[in-house]
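Engineer: The structure that follows is given in the form of structure tokens.
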There are 2 protein chains.
Amino acid sequence: MGAKRVVMQRAGGPDQPGPVMLAIAGDSGAGKTTLTRGLVEAIGPNRISSMCVDDYHRYDRAERVGQPFTPLHPACNYVGIIEQHLQLLAMGEPVLKPVYNHGQGTLDRPVLFEPREFVIVEGLLPLHSRLARACFDLRVYLDPPEPIRYGWKVRRDTRDRGYREEQVVEDLRRREPESAAFIRPQRAWADVVARFAPIAERGENGQAPLSATVLLRPTAPHPDLSGVLNEDTREAIHLKLARDVDGKPVDALHIHAYAAERTTRRVKEAIWGALGIDDDVPDCLGGIEPGVRSEPLAILQLILLYHLLLAAGSRADQPAVVAAPAPVRAPASGS
Amino acid sequence: MGAKRVVMQRAGGPDQPGPVMLAIAGDSGAGKTTLTRGLVEAIGPNRISSMCVDDYHRYDRAERVGQPFTPLHPACNYVGIIEQHLQLLAMGEPVLKPVYNHGQGTLDRPVLFEPREFVIVEGLLPLHSRLARACFDLRVYLDPPEPIRYGWKVRRDTRDRGYREEQVVEDLRRREPESAAFIRPQRAWADVVARFAPIAERGENGQAPLSATVLLRPTAPHPDLSGVLNEDTREAIHLKLARDVDGKPVDALHIHAYAAERTTRRVKEAIWGALGIDDDVPDCLGGIEPGVRSEPLAILQLILLYHLLLAAGSRADQPAVVAAPAPVRAPASGS
């Protein structure tokens with residue numbers, strides 16, 4: 001007997017800061033993977049790792065037949081294990097991550113997932129529980145209008161996952177009550193809520209590329225855009241003090257799809273410049289698929305990069321994180 | 001930003017004691033599963049859960065072809081994840097445990113493993129690392145002579161795992177260097193070392209049932225057997241002050257296979273009685289397979305039960321653990 005009981009230890013010791021953790025929540029087809037891909041490419045896969053919490057499904061596709069819930073239901077996922085693994089990752093520890101095979105609908109062998117300097121956790125339920133939310137430095141919710149999301153999901157699932165369109169539509173219908181009960185409530189916990197959609201007041205009709213409304217909640221120190229947004233640019237991009245759907249005050253950044261390239265470039269350079277990075281704004285930002293770009297997406301990604309790099313910079317007081325190839329400095333002006 | 005960073009939390013809160021954790025280490029075929037089965041049956045599967053760390057193999061059978069190591073090598077196992085999961089279990093937390101399918105040689109989907117009042121962790125490498133060892137209340141190593149272990153392994157693998165005898169023998173030959181390098185060194189870290197073998201000084205010839213030598217190291221408070229072991233019983237069972245192979249002092253309990261049933265019963269009742277349990281000694285102890293029993297095995301299992309129940313009793317000062325159906329009291333006499 002007389003075992004020494006140990007408290008969970010970080011591999012790097014107690015002084016080693018954990019990674020910068022970003023959550024990207026949203027319903028199936030909301031654009032989480034596209035948003036994540038540009039961020040990973042901009043920072044580089046040697047500095048950032050990303051994972052999807054949908055891998056923590058409790059049942060495979062065959063087992064779900066006849067069950068009273070869809071994969072959107074917390075009971076259909078190992079929610080407690082998601083919390084445990086997010087805590088471990090936030091402490092800089094690796095996890096043995098389960099794997100859901102979307103093509104086959106099977107649960108496969110787990111894989112070792114190691115956090116790097118930055119970790120993106122995307123999926124249906126990363127902001128579902130208090131303990132999970134507490135693990136993130138920044139929380140994002142993707143909130144496209146349902147008809148647009150339906151279109152994106154049908155396109156993806158028929159092209160990449162082997163479903164027929166009518167199967168996807170039926171699936172969306174079955175999932176709607178759980179989407180309302182468990183997915184959409186996560187919007188309330190996000191620091192940034194992004195909605196890609198035509199902006200009706202401007203008479204936009206939904207032709208690609210879409211405009212974006214990015215809500216910047218006062219729960220996070222967003223980049224200061226006051227120097228770049230002025231009368232010259234306001235037709236294309238502007239910040240508006242607004243009330244959120246719950247009545248709370250919020251900054252709403254409208255980025256119109258018809259913004260001139262020189263205008264969006266000035267906005268992007270202003271955000272990038274606030275970080276004190278000498279390199280050009282990464283080209284990969286805004287990429288949707290080969291040959292298709294969205295400047296509103298690029299600006300959203302830049303705002304998220306701003307947060308990630310700023311958080312890493314503030315940890316760089318402790319030496320372990322200064323491995324960043326690009327020098328990271330505090331922004332020139334307070335934000 | 002401004003995320004609250006959380007320290008790993010126990011589901012039951014900081015005052016809830018974790019489970020009593022028992023490690024059973026030993027080479028392939030050493031009898032770990034047989035020893036574990038009797039303990040689980042005696043305590044009852046609602047109060048004890050058991051797992052095997054061999055499930056934490058990093059590679060499946062096909063991937064191991066051509067690799068320079070066997071499954072005995074730490075590099076062939078997720079040793080860091082074993083440490084992490086043992087720490088979580090010791091804190092009373094569930095883990096999503098990987099699964100190695102011995103029949104198919106594949107890594108399958110993980111399963112949720114929840115600690116109960118007691119947890120047994122058996123396998124090839126549970127005592128390999130310092131952090132893993134620190135998670136246990138009691139550490140056991142099974143140490144049969146190699147010819148006896150070879151016989152047990154050949155029998156099990158040809159009967160249950162679909163191998164031919166010559167395959168098992170070749171496998172044992174290949175594994176020997178890693179067995180010497182990684183498995184047998186764990187013996188040094190055990191509180192109890194059990195060796196089932198003929199005792200040569202008595203002219204025993206290896207006919208079943210085997211006698212046992214159980215080393216009781218002074219690293220744990222073992223049951224006081226002085227009241228029951230005397231001149232009447234010493235032909236059959238006796239405690240001997242000895243030096244271990246490393247020269248360190250140790251109590252060696254010899255249990256001869258030819259001990260009369262009334263003698264072994266008195267020893268068993270004395271250990272059981274020291275725990276203050278009114279029920280009879282559980283019948284399941286000593287079972288090897290249907291119709292085959294070993295009294296030396298039963299006595300080893302009783303010594304381990306003594307440790308488990310004593311540890312649970314000492315935690316029962318804190319209310320959460322008193323769920324035991326059998327009343328657990330401190331032993332009548334100091335030990």
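Residues are named by chain letter and number: chains run A, B, ... in the order of the structure tokens, numbers start at 1 in each chain, and ligands are numbered from 1 in the order shown.
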Just asking: which residues within region 152-316 of chain B are strand (DSSP E) according to DSSP, as a PyMOL selection string?
Structural biologist: chain B and resi 192-196+212-216+237-243+249-255+287-289+292-293
Engineer: With only C-alpha atoms as the counted atoms, please give the residues lying no more than 6 Å from region 123-129 of chain B, apart from itself and same-chain residues fewer than 5 positions off, as JSON, numbers by chain.
Structural biologist: {"B": [25, 26, 27, 52, 53, 54, 186]}
Engineer: I want to know what sits within 12 Å of Pro147 (chain B), based on only C-alpha atoms, with residues of the same chain fewer than 4 positions away left out; could you give that as a list in words?
Structural biologist: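 Returned residues: Gly29, Ala30, Asp143, Gly151, Trp152, Lys153, Val154, Val169, Leu172, Phe196, Ala197, Pro198 and Gly206 of chain B.
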Engineer: To one decimal in Å, tell me the separation between CA of Thr264 (chain B) and CA of Asp224 (chain B).
Structural biologist: 15.5 Å
Engineer: Fewer than 4 positions away in the same chain doesn't count, so skip those; otherwise give me all residues within 6 Å of region 104-117 of chain A, counting only C-alpha atoms, as an NGL selection string.
Structural biologist: (:A and (19 or 47-49 or 60-61 or 94-100)) or (:B and (107-109))
Engineer: Work out how far CA of Phe118 (chain B) is from CA of Ser28 (chain B), in Å to one decimal.
Structural biologist: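 CA of Ser28 (chain B) sits 23.6 Å away from CA of Phe118 (chain B).
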Engineer: Measuring between only C-alpha atoms, which one of A:Ala260, A:Leu308, A:Ala212, A:Val40 shows the shortest distance to chain B?
Structural biologist: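 Result for the nearest residue to chain B: A:Leu308.
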